Amino acid sequence: MQSFPVRARAASCVMAMAALASAQPTPLKLLAQAHGIDIGVAVTFPAASGRAAYDSVVTRNFTGIVAENDHKWGSISSNPGVYTWTNSDRMVDFAQQHNLKLRFHAFVWHQQSSYIANGHQSGVAQPTDPNKYTRAEAFTHMRNHIGAVMQRYKTRNGGQMHVISEWDVVNEAAARDSGMFDTANVYKGLRLSTGNAVHLDSGLSRWTGYTQGETNDFDYIDSAFAIAHRNDTAARLAYNDYDAEGMGKKSNDVYSLMAKLKSRNIPVHVLGMQSHWYIGPSNTGSSGAWDPQQIAENMNRLAALGLDISITELDIRMQNPVDSAKLQQQRQAYETALGLCLAQPRCKSFYVWGVRDGQSWINSRYPGYGSPLLFSGTGTTYTPKPAYYGLISVLETTASVRRQPGAARQAPSLNYRATGPVRDLLGRRVHAAPDRPLFKAQKPAERSQAK
Ligand code: G3I
């Protein structure tokens with residue numbers, strides 16, 4: 001993979017002195033801060049015995065974190081109005097304690113979302129109808145959940161401090177292999193509600209079913225953004241998706257959705273490019289294929305819409321067994337990815353999806369593939385890989401002319417603010433979320449009457 005773009009040598013004195021003063025390379029973190037870009041990592045805290053080494057790698061190298069799983073709906077709330085904050089709070093506390101930014105991942109998603117993705121509350125038998133909640137109930141759950149979380153985390157220290165730098169408000173609403181649902185009467189490219197009701201990774205989303213999305217122009221998407229905005233008008237709100245980094249059917253659909261949301265004054269500020277990529281052959285068809293020129297082109301058109309761009313979940317897997325040639329190829333791929341972000345003024349966050357190879361989701365999801373991250377090792381050993389040194393070298397040698405160094409702890413300035421009422425894609429007024437979540441439990445009998 002070719003390196004992209006051509007880089008100019010422009011290391012600062014501070015960085016050079018820091019590198020000389022230590023046998024270690026200058027930490028990614030310092031270099032990233034000099035560029036005004038966040039370099040973050042998805043975090044899953046290991047058992048207590050491994051915490052010190054893990055924390056040290058995270059805090060030494062990264063300016064931000066995102067919870068790999070602990071902020072997902074199902075990790076926080078098992079049933080309507082029932083919240084378990086322990087692991088979730090731990091993430092936010094860690095970010096605050098170490099002066100790290102935090103990407104919040106994620107609110108509206110078709111996976112890992114307990115009752116709202118399952119279509120039923122825990123302890124209740126799986127109904128035959130996967131779209132169990134009514135439209136009104138689904139929106140109530142959405143308002144309450146987003147409200148509960150944002151009111152808890154939007155500021156800290158009595159309202160003085162913002163820790164969350166971005167919120168993934170809607171995750172993966174675009175259809176997988178888009179085009180398969182492209183019929184005349186359907187907004188093409190978004191996940192639909194019917195088809196394979198069990199295997200939700202097949203291109204479906206219960207959110208579409210609950211909200212009768214096909215007939216309501218998928219307004220659960222714009223409503224989620226409006227609700228999040230009403231809970232914190234200073235929050236940077238993101239739409240996050242995969243396989244939509246280059247130019248193609250799915251990225252066209254994501255672009256169309258973003259354009260439509262913007263044209264409707266919906267407060268979406270950031271497009272998250274997940275970037276689960278591979279080098280060499282893949283066992284997954286087109287999933288993870290990427291092309292630097294196309295990505296640059298796609299970034300340009302999204303930036304022209306007024307969106308910031310975040311690389312949110314980068315990992316670059318390879319076929320086992322690992323060898324030094326593949327690791328070099330991977331290094332170049334990581335360099336290319338970071339070069340793309342640095343070359344686009346509106347790309348301000350670059351997050352990798354996990355710390356160490358052995359802990360990556362890739363190992364179980366793609367048997368026969370692995371080594372996707374920046375560190376290898378076991379136990380308390382975290383060994384930087386060639387890809388890690390590749391990122392260091394890109395940061396050291398890329399001219400930094402476009403960015404102000406990131407201000408770690410201030411309310412991010414928004415590039416977009418709703419003026420006037422927020423409306424959905426059909427132009428209807430979207431009502432504000434309550435200041436505090438007001439969950440009103442519904443009895444099962446009421447719910448069945450509502451159908
Ligand atoms: O927590 C349970 C544990 O109690 C149980 O013993 C264990 C047995 O399998 O499973 C644990 O849950 C797993 C969870 O990760 C936490 O480790 C789930 O099975 C497993 O499916 C889940 O995988 C996560 C996956 O999202 C779910 O879709 C991965 O860690 C996580 O990396 C991955 O992240 C997603 C992003 O959120 C969205 N973009 C794609 C990305 C990769 O799929």
# chains A, B, ... in the order shown; residues from 1 in each chain; ligands from 1
$ closest_atom_pairs --of "chain A" --to "ligand 1" --cutoff "8 Å" --atoms "only C-alpha atoms and all ligand atoms" --output "Markdown table"
| residue | atom | partner | partner_atom_place_in_ligand_line | distance |
| --- | --- | --- | --- | --- |
| A:Glu68 | CA | ligand 1 | 32 (O) | 5.5 |
| A:Asn69 | CA | ligand 1 | 16 (C) | 6.1 |
| A:Lys72 | CA | ligand 1 | 37 (O) | 7.6 |
| A:His105 | CA | ligand 1 | 37 (O) | 7.1 |
| A:Ala106 | CA | ligand 1 | 37 (O) | 7.6 |
| A:Gln111 | CA | ligand 1 | 28 (O) | 6.1 |
| A:Gln112 | CA | ligand 1 | 27 (C) | 6.3 |
| A:Asn171 | CA | ligand 1 | 38 (C) | 7.2 |
| A:Glu172 | CA | ligand 1 | 39 (N) | 7.6 |
| A:Asp241 | CA | ligand 1 | 39 (N) | 7.1 |
| A:Tyr242 | CA | ligand 1 | 39 (N) | 6.8 |
| A:Gln274 | CA | ligand 1 | 39 (N) | 6.5 |
| A:His276 | CA | ligand 1 | 40 (C) | 7.7 |
| A:Glu313 | CA | ligand 1 | 39 (N) | 7.0 |
| A:Trp353 | CA | ligand 1 | 32 (O) | 7.1 |
| A:Gly354 | CA | ligand 1 | 32 (O) | 7.8 |
| A:Ser360 | CA | ligand 1 | 32 (O) | 6.8 |
| A:Trp361 | CA | ligand 1 | 32 (O) | 4.8 |
| A:Ile362 | CA | ligand 1 | 42 (C) | 7.8 |
| A:Arg365 | CA | ligand 1 | 43 (O) | 7.8 |
$ select_by_dssp --residues "segment 31-160 of chain A" --states "helix (DSSP H, G or I)" --output "PyMOL selection string"
chain A and resi 31-35+48-61+73-76+86-97+114-118+135-153
$ atom_distance --atom1 "atom CA of Asn300 of chain A" --atom2 "atom CA of Ala337 of chain A"
14.8 Å
$ residues_around --residues "Pro321 of chain A" --least-positions-apart "6" --cutoff "12 Å" --atoms "only C-alpha atoms" --output "ChimeraX atom specification"
/A:327,367-371
$ write_last_selection --atoms "N, CA and C atoms" --output "compact mmCIF listing (two decimals), in the first residue's frame"
# COMPACT_ATOMS: atom_id res chain seq x y z
N LEU A 327 3.80 -7.26 8.64
CA LEU A 327 3.82 -6.18 9.63
C LEU A 327 4.27 -4.86 9.00
N PRO A 367 -11.88 -15.73 12.28
CA PRO A 367 -10.90 -16.80 12.52
C PRO A 367 -9.90 -16.88 11.37
N GLY A 368 -8.64 -17.05 11.73
CA GLY A 368 -7.61 -17.12 10.69
C GLY A 368 -6.99 -15.76 10.41
N TYR A 369 -7.55 -14.72 11.02
CA TYR A 369 -7.02 -13.36 10.85
C TYR A 369 -6.71 -12.77 12.22
N GLY A 370 -5.82 -11.81 12.26
CA GLY A 370 -5.52 -11.21 13.56
C GLY A 370 -4.52 -10.08 13.45
N SER A 371 -3.87 -9.82 14.58
CA SER A 371 -2.80 -8.80 14.70
C SER A 371 -3.20 -7.44 14.15
$ atom_distance --atom1 "atom CA of His229 of chain A" --atom2 "atom CA of Thr44 of chain A"
27.7 Å
$ closest_residue --among "A:Val41, A:Leu257, A:Ala47, A:Ile116" --to "Phe218 of chain A" --atoms "only C-alpha atoms"
A:Leu257
$ closest_residue --among "A:Thr312, A:Asn252, A:Ser88, A:Thr380" --to "Val149 of chain A" --atoms "only C-alpha atoms"
A:Ser88
$ closest_residue --among "A:Gln97, A:Ser310, A:Ser324, A:Asn231" --to "Val270 of chain A" --atoms "only C-alpha atoms"
A:Ser310
$ atom_distance --atom1 "atom CA of Trp207 of chain A" --atom2 "atom CA of Val169 of chain A"
13.1 Å
$ residues_around --residues "Leu192 of chain A" --least-positions-apart "2" --cutoff "7 Å" --atoms "only C-alpha atoms" --output "list in words"
Leu190, Thr194, Leu204, Ser205, Thr208 and Glu214 of chain A
$ closest_residue --among "A:Ala343, A:Ile164, A:Ile392, A:Ala174" --to "Gln151 of chain A" --atoms "only C-alpha atoms"
A:Ile164
$ closest_residue --among "A:Ala303, A:Ala32, A:Met258, A:Met91" --to "Ala173 of chain A" --atoms "only C-alpha atoms"
A:Met258
$ closest_residue --among "A:Asn144, A:Asn216, A:Gln330, A:Asn240" --to "Val170 of chain A" --atoms "only C-alpha atoms"
A:Asn240
